[in-house]
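So this block is model24.txt, compact mmCIF, C-alpha atoms:
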# COMPACT_ATOMS: atom_id res chain seq x y z
CA MET Z 1 -41.27 -11.23 1.28
CA SER Z 2 -37.72 -11.16 2.62
CA VAL Z 3 -35.84 -7.94 3.29
CA VAL Z 4 -32.08 -7.46 3.06
CA SER Z 5 -30.28 -4.49 4.60
CA PRO Z 6 -27.02 -3.67 2.80
CA THR Z 7 -23.84 -2.81 4.66
CA VAL Z 8 -20.92 -0.62 3.63
CA THR Z 9 -17.45 -1.27 5.01
CA GLN Z 10 -13.92 -0.20 4.25
CA SER Z 11 -11.01 -2.54 3.61
CA SER Z 12 -7.36 -1.87 3.01
CA THR Z 13 -4.09 -3.67 2.59
CA CYS Z 14 -2.27 -0.46 3.39
CA GLU Z 15 -4.26 2.70 4.02
CA LEU Z 16 -7.79 3.78 3.19
CA LEU Z 17 -8.64 5.76 0.14
CA PRO Z 18 -9.51 9.34 1.01
CA SER Z 19 -13.26 9.97 0.91
CA SER Z 20 -12.86 13.73 0.59
CA GLY Z 21 -13.02 13.73 -3.21
CA SER Z 22 -15.91 15.49 -4.88
CA GLU Z 23 -19.10 13.46 -5.08
CA LEU Z 24 -19.82 11.96 -8.48
CA LEU Z 25 -22.76 9.56 -8.16
CA ARG Z 26 -25.14 9.27 -5.19
CA ALA Z 27 -27.91 6.79 -4.46
CA GLU Z 28 -30.68 7.73 -2.04
CA SER Z 29 -33.21 5.30 -0.58
CA LEU Z 30 -32.83 2.74 -3.35
CA PHE Z 31 -35.36 -0.10 -3.27
CA CYS Z 32 -35.45 -3.03 -5.68
CA GLU Z 33 -37.30 -6.31 -5.68
CA ARG Z 34 -37.39 -9.27 -8.04
CA ASP Z 35 -39.92 -12.10 -8.09
CA GLU Z 36 -41.54 -10.71 -4.91
CA ARG Z 37 -38.19 -10.81 -3.11
CA VAL Z 38 -36.54 -7.60 -1.92
CA LEU Z 39 -32.95 -7.40 -3.14
CA PHE Z 40 -32.15 -4.21 -1.24
CA GLU Z 41 -33.98 -1.33 0.38
CA ASP Z 42 -33.06 1.96 2.03
CA LEU Z 43 -29.72 1.80 0.21
CA ASN Z 44 -27.83 5.08 0.51
CA PHE Z 45 -24.26 5.56 -0.67
CA SER Z 46 -22.14 7.80 -2.83
CA ILE Z 47 -19.19 7.30 -5.13
CA ASN Z 48 -16.63 10.06 -4.80
CA ALA Z 49 -13.71 11.00 -7.01
CA GLY Z 50 -10.72 8.86 -6.06
CA GLU Z 51 -12.78 5.97 -4.67
CA ILE Z 52 -13.03 2.29 -5.54
CA ILE Z 53 -16.12 0.46 -4.27
CA GLN Z 54 -16.59 -3.29 -4.59
CA VAL Z 55 -20.14 -4.63 -4.45
CA GLU Z 56 -20.21 -8.00 -2.67
CA GLY Z 57 -22.88 -10.58 -1.98
CA PRO Z 58 -23.97 -14.14 -2.74
CA ASN Z 59 -25.42 -15.11 -6.11
CA GLY Z 60 -28.88 -13.62 -6.53
CA SER Z 61 -28.32 -10.80 -4.04
CA GLY Z 62 -28.66 -8.11 -6.72
CA LYS Z 63 -25.06 -7.15 -7.53
CA THR Z 64 -25.53 -6.95 -11.31
CA THR Z 65 -28.97 -5.40 -10.85
CA LEU Z 66 -27.47 -2.63 -8.71
CA LEU Z 67 -24.73 -1.92 -11.25
CA ARG Z 68 -27.30 -1.71 -14.05
CA ILE Z 69 -29.37 0.71 -11.97
CA MET Z 70 -26.34 2.86 -11.15
CA SER Z 71 -25.33 2.97 -14.82
CA GLY Z 72 -28.79 4.04 -15.98
CA LEU Z 73 -29.53 0.79 -17.81
CA SER Z 74 -32.40 -0.30 -15.55
CA GLY Z 75 -35.32 1.69 -14.25
CA ALA Z 76 -36.73 -1.15 -12.15
CA TYR Z 77 -36.19 0.54 -8.78
CA GLU Z 78 -37.54 3.13 -6.40
CA GLY Z 79 -35.42 5.93 -4.97
CA ASN Z 80 -33.20 8.63 -6.43
CA LEU Z 81 -29.89 8.89 -8.24
CA PHE Z 82 -27.82 12.07 -8.45
CA TRP Z 83 -24.87 12.92 -10.68
CA LYS Z 84 -22.67 15.69 -9.26
CA GLY Z 85 -25.60 16.92 -7.19
CA GLU Z 86 -28.18 16.97 -10.00
CA THR Z 87 -30.88 14.37 -10.55
CA ILE Z 88 -29.75 11.69 -12.97
CA ASN Z 89 -32.47 12.67 -15.45
CA SER Z 90 -31.50 16.33 -15.59
CA ALA Z 91 -27.79 15.49 -15.84
CA ARG Z 92 -28.20 12.45 -18.08
CA ILE Z 93 -26.10 13.68 -21.01
CA ASP Z 94 -23.16 14.68 -18.82
CA PHE Z 95 -23.51 11.46 -16.81
CA LEU Z 96 -23.45 9.16 -19.83
CA SER Z 97 -20.63 11.18 -21.40
CA ASN Z 98 -18.45 10.45 -18.37
CA LEU Z 99 -19.40 6.81 -17.75
CA LEU Z 100 -17.73 3.61 -18.92
CA TYR Z 101 -19.84 0.51 -18.24
CA LEU Z 102 -18.59 -3.02 -18.87
CA GLY Z 103 -21.23 -5.68 -18.30
CA HIS Z 104 -21.28 -9.46 -18.61
CA LYS Z 105 -21.48 -9.25 -22.39
CA PRO Z 106 -18.36 -7.83 -24.05
CA GLY Z 107 -20.19 -5.72 -26.63
CA VAL Z 108 -17.82 -6.79 -29.41
CA LYS Z 109 -18.83 -7.02 -33.08
CA ALA Z 110 -17.75 -10.43 -34.40
CA ILE Z 111 -17.24 -9.20 -37.96
CA LEU Z 112 -14.73 -6.55 -36.84
CA THR Z 113 -11.13 -6.98 -35.66
CA PRO Z 114 -10.11 -5.94 -32.13
CA VAL Z 115 -8.57 -2.74 -33.53
CA GLU Z 116 -11.73 -1.93 -35.50
CA ASN Z 117 -13.94 -2.64 -32.49
CA LEU Z 118 -11.94 -0.32 -30.25
CA ARG Z 119 -11.78 2.33 -32.95
CA ALA Z 120 -15.57 2.29 -33.17
CA LEU Z 121 -16.22 2.05 -29.42
CA MET Z 122 -13.79 4.79 -28.43
CA GLY Z 123 -14.10 7.03 -31.48
CA ILE Z 124 -17.56 8.28 -30.54
CA ARG Z 125 -16.26 9.39 -27.12
CA GLN Z 126 -12.65 10.50 -27.50
CA SER Z 127 -9.79 10.62 -29.95
CA VAL Z 128 -7.46 7.59 -29.83
CA THR Z 129 -4.60 6.60 -32.11
CA ASP Z 130 -3.94 3.15 -33.53
CA GLU Z 131 -0.72 3.12 -31.52
CA GLN Z 132 -2.72 3.59 -28.30
CA ILE Z 133 -5.15 0.84 -29.36
CA HIS Z 134 -2.31 -1.59 -30.11
CA ARG Z 135 -0.72 -0.81 -26.74
CA ALA Z 136 -4.03 -1.42 -24.95
CA LEU Z 137 -4.52 -4.76 -26.70
CA GLU Z 138 -1.00 -5.78 -25.75
CA LYS Z 139 -1.83 -4.97 -22.12
CA VAL Z 140 -4.73 -7.44 -22.15
CA GLY Z 141 -2.73 -10.20 -23.82
CA LEU Z 142 -3.95 -9.78 -27.40
CA TYR Z 143 -0.62 -8.94 -29.03
CA GLY Z 144 -0.65 -10.58 -32.46
CA TYR Z 145 -4.45 -10.70 -32.62
CA GLU Z 146 -5.02 -7.05 -33.42
CA ASP Z 147 -6.20 -7.65 -37.00
CA VAL Z 148 -7.91 -11.03 -36.56
CA PRO Z 149 -11.71 -10.88 -37.05
CA CYS Z 150 -13.36 -11.38 -33.68
CA HIS Z 151 -15.46 -14.30 -34.94
CA ASN Z 152 -12.17 -16.22 -34.98
CA LEU Z 153 -11.45 -15.36 -31.33
CA SER Z 154 -12.63 -17.16 -28.20
CA ALA Z 155 -15.20 -15.81 -25.75
CA GLY Z 156 -12.37 -15.04 -23.34
CA GLN Z 157 -10.55 -13.05 -26.01
CA HIS Z 158 -13.75 -11.13 -26.73
CA ARG Z 159 -13.78 -10.21 -23.05
CA ARG Z 160 -10.20 -8.98 -23.31
CA VAL Z 161 -11.08 -6.76 -26.25
CA ALA Z 162 -13.71 -5.13 -24.03
CA LEU Z 163 -11.21 -4.78 -21.16
CA ALA Z 164 -8.81 -2.97 -23.46
CA ARG Z 165 -11.22 -0.04 -23.32
CA LEU Z 166 -10.09 0.58 -19.75
CA TYR Z 167 -6.56 1.31 -20.96
CA LEU Z 168 -7.96 3.96 -23.32
CA SER Z 169 -10.77 5.50 -21.27
CA THR Z 170 -10.60 8.91 -19.62
CA ASP Z 171 -14.16 8.69 -18.24
CA GLU Z 172 -14.69 9.87 -14.68
CA LEU Z 173 -16.68 6.81 -13.57
CA TRP Z 174 -16.11 3.15 -14.40
CA ILE Z 175 -18.82 0.61 -13.57
CA LEU Z 176 -17.46 -2.90 -14.09
CA ASP Z 177 -19.33 -6.18 -13.74
CA GLU Z 178 -16.87 -9.07 -13.20
CA ALA Z 179 -14.03 -7.33 -15.01
CA PHE Z 180 -11.44 -9.87 -13.80
CA THR Z 181 -13.06 -12.78 -15.65
CA ALA Z 182 -10.92 -14.55 -18.27
CA ILE Z 183 -7.58 -12.87 -17.53
CA ASP Z 184 -4.42 -14.51 -16.19
CA LYS Z 185 -2.44 -13.64 -13.04
CA LYS Z 186 -0.28 -11.11 -14.85
CA GLY Z 187 -3.39 -9.48 -16.31
CA VAL Z 188 -5.03 -9.40 -12.88
CA LYS Z 189 -2.09 -7.52 -11.37
CA GLU Z 190 -2.03 -5.08 -14.27
CA LEU Z 191 -5.77 -4.47 -13.99
CA GLU Z 192 -5.52 -3.90 -10.23
CA ALA Z 193 -2.72 -1.39 -10.88
CA LEU Z 194 -4.85 0.32 -13.52
CA LEU Z 195 -7.82 0.67 -11.14
CA GLN Z 196 -5.57 2.23 -8.49
CA GLU Z 197 -4.00 4.57 -11.03
CA ARG Z 198 -7.46 5.64 -12.20
CA ALA Z 199 -8.50 6.41 -8.63
CA HIS Z 200 -5.29 8.34 -7.94
CA GLN Z 201 -6.02 10.43 -11.03
CA GLY Z 202 -9.42 11.38 -9.59
CA GLY Z 203 -11.60 8.81 -11.31
CA ALA Z 204 -13.94 6.44 -9.49
CA VAL Z 205 -14.69 2.73 -9.88
CA LEU Z 206 -17.76 0.70 -8.86
CA LEU Z 207 -17.30 -3.00 -9.52
CA THR Z 208 -18.27 -6.56 -8.79
CA THR Z 209 -15.75 -9.39 -8.82
CA HIS Z 210 -15.26 -12.83 -7.31
CA HIS Z 211 -11.54 -12.07 -7.32
CA GLU Z 212 -9.99 -11.10 -3.99
CA LEU Z 213 -8.82 -7.56 -4.68
CA GLN Z 214 -5.29 -6.64 -3.64
CA LEU Z 215 -5.18 -2.85 -3.76
CA GLU Z 216 -2.44 -1.10 -1.81
CA SER Z 217 -4.39 2.15 -1.68
CA GLY Z 218 -7.49 0.51 -0.23
CA PHE Z 219 -11.13 0.32 -1.27
CA LYS Z 220 -14.65 0.23 0.12
CA LYS Z 221 -17.03 -2.71 0.12
CA LEU Z 222 -20.77 -2.52 -0.31
CA GLN Z 223 -22.31 -5.80 0.85
CA LEU Z 224 -25.65 -7.13 -0.30
CA GLY Z 225 -27.38 -10.26 0.96
CA LYS Z 226 -27.89 -11.91 4.32
CA SER Z 227 -24.97 -14.30 4.08
CA ALA Z 228 -22.29 -11.82 3.09
CA VAL Z 229 -19.25 -11.81 5.37
CA VAL Z 230 -17.01 -8.81 5.96
CA LYS Z 231 -13.34 -9.68 5.45
CA GLU Z 232 -10.76 -8.15 7.76
CA PRO Z 233 -9.37 -5.61 8.15
CA VAL Z 234 -12.55 -3.59 8.55
CA THR Z 235 -12.29 -0.09 9.91
CA THR Z 236 -15.78 1.31 9.53
CA GLN Z 237 -19.20 -0.28 9.49
CA VAL Z 238 -22.38 1.55 8.61
CA VAL Z 239 -25.97 0.64 9.36
CA ALA Z 240 -28.70 0.71 6.67
CA GLY Z 241 -26.18 1.15 3.87
CA GLU Z 242 -25.00 4.68 4.55
CA VAL Z 243 -21.34 5.53 3.94
CA ARG Z 244 -19.84 7.76 6.65

How would this structure read if it were set down as structure tokens?
Amino acid sequence: MSVVSPTVTQSSTCELLPSSGSELLRAESLFCERDERVLFEDLNFSINAGEIIQVEGPNGSGKTTLLRIMSGLSGAYEGNLFWKGETINSARIDFLSNLLYLGHKPGVKAILTPVENLRALMGIRQSVTDEQIHRALEKVGLYGYEDVPCHNLSAGQHRRVALARLYLSTDELWILDEAFTAIDKKGVKELEALLQERAHQGGAVLLTTHHELQLESGFKKLQLGKSAVVKEPVTTQVVAGEVR
């Protein structure tokens, strides 16, 4: 049985994000294995208001598994999760009410149009207008497709419908699995700007991406897997996965 010790580092193209924001989600002593192989153990880190954390690692290192654990979708782990200082079970309603999770699957109903999908997805959480929905769809490159049934759209366009939720969400925590998939260079820059804006407003983002992030305000990296390499500049390195 192999054991992998995760590492947390900080990267920045300008200056580091402040880590003095209030703590939102904390992981303590997380352990997870799959097929008798340890993905991570003794993993301790927290996500604070105003922070962006990118989870890195080679394929099979447990990136998606970790995001599913942190979002409450998987219970296949040992350890503890806390939301604003309370155990995740006792604070579950508040936690889920303030979480936006985007996974590999877009979660789009094929029979509905993009506008109808966003109306349904956002309507159970917050009040949004059709004007806001149209503006969000334009941001992700779906201008002109607002009223086309999604079964007539491509898989990439389905992904963009899901991404439009980010331009409507006011949730405190975003957990995003490969959010930069299927968007062009202009969309990438706009999404990077949106993530930074969300952090500046006090929100927090935990994400995986194969895209090389270019965030002026900086971000942290959580590395999983033996072969992961820390990209410069690195200012802080932590042993056994603890953020300092």

Mind giving me the straight-line distance from atom CA of Z:Met70 to atom CA of Z:Leu121 in Å, one decimal?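 Going from atom CA of Z:Met70 over to atom CA of Z:Leu121, I get 20.9 Å.
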
Within 8 Å of Z:His134, counting all atoms listed in the file, which residues show up once you throw out same-chain ones fewer than 6 positions away? Write them as a ChimeraX atom specification, please. /Z:115,143,146

In terms of the shortest atom-to-atom distance over only C-alpha atoms, which of Z:Arg37, Z:Arg68, Z:Arg125, Z:Lys221 is closest to Z:Gly103? Z:Arg68

Can you list every residue of stretch 24-107 of chain Z that has an atom at most 10 Å from stretch 175-191 of chain Z, with its nearest atom pair and the distance in Å to one decimal, using all atoms listed in the file, ordered by chain then number, as a tab-separated table?
residue	atom	partner	partner_atom	distance
Z:Ile53	CA	Z:Ile175	CA	9.7
Z:Gln54	CA	Z:Leu176	CA	9.5
Z:Val55	CA	Z:Asp177	CA	9.5
Z:Lys63	CA	Z:Asp177	CA	8.5
Z:Thr64	CA	Z:Asp177	CA	6.7
Z:Leu67	CA	Z:Ile175	CA	6.8
Z:Arg68	CA	Z:Ile175	CA	8.8
Z:Met70	CA	Z:Ile175	CA	8.2
Z:Ser71	CA	Z:Ile175	CA	7.0
Z:Leu99	CA	Z:Ile175	CA	7.5
Z:Leu100	CA	Z:Ile175	CA	6.2
Z:Tyr101	CA	Z:Ile175	CA	4.8
Z:Leu102	CA	Z:Leu176	CA	4.9
Z:Gly103	CA	Z:Asp177	CA	5.0
Z:His104	CA	Z:Asp177	CA	6.2
Z:Lys105	CA	Z:Asp177	CA	9.4

If we count only C-alpha atoms and set the cut-off at 12 Å, which residues sit around Z:Gln126, ignoring sequence neighbours fewer than 6 positions away in its own chain? Please answer as a list in words.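 Within the cut-off, the hits are Ser97, Asn98, Leu118, Arg119, Ala120, Arg165, Leu168, Ser169, Thr170 and Asp171 of chain Z.
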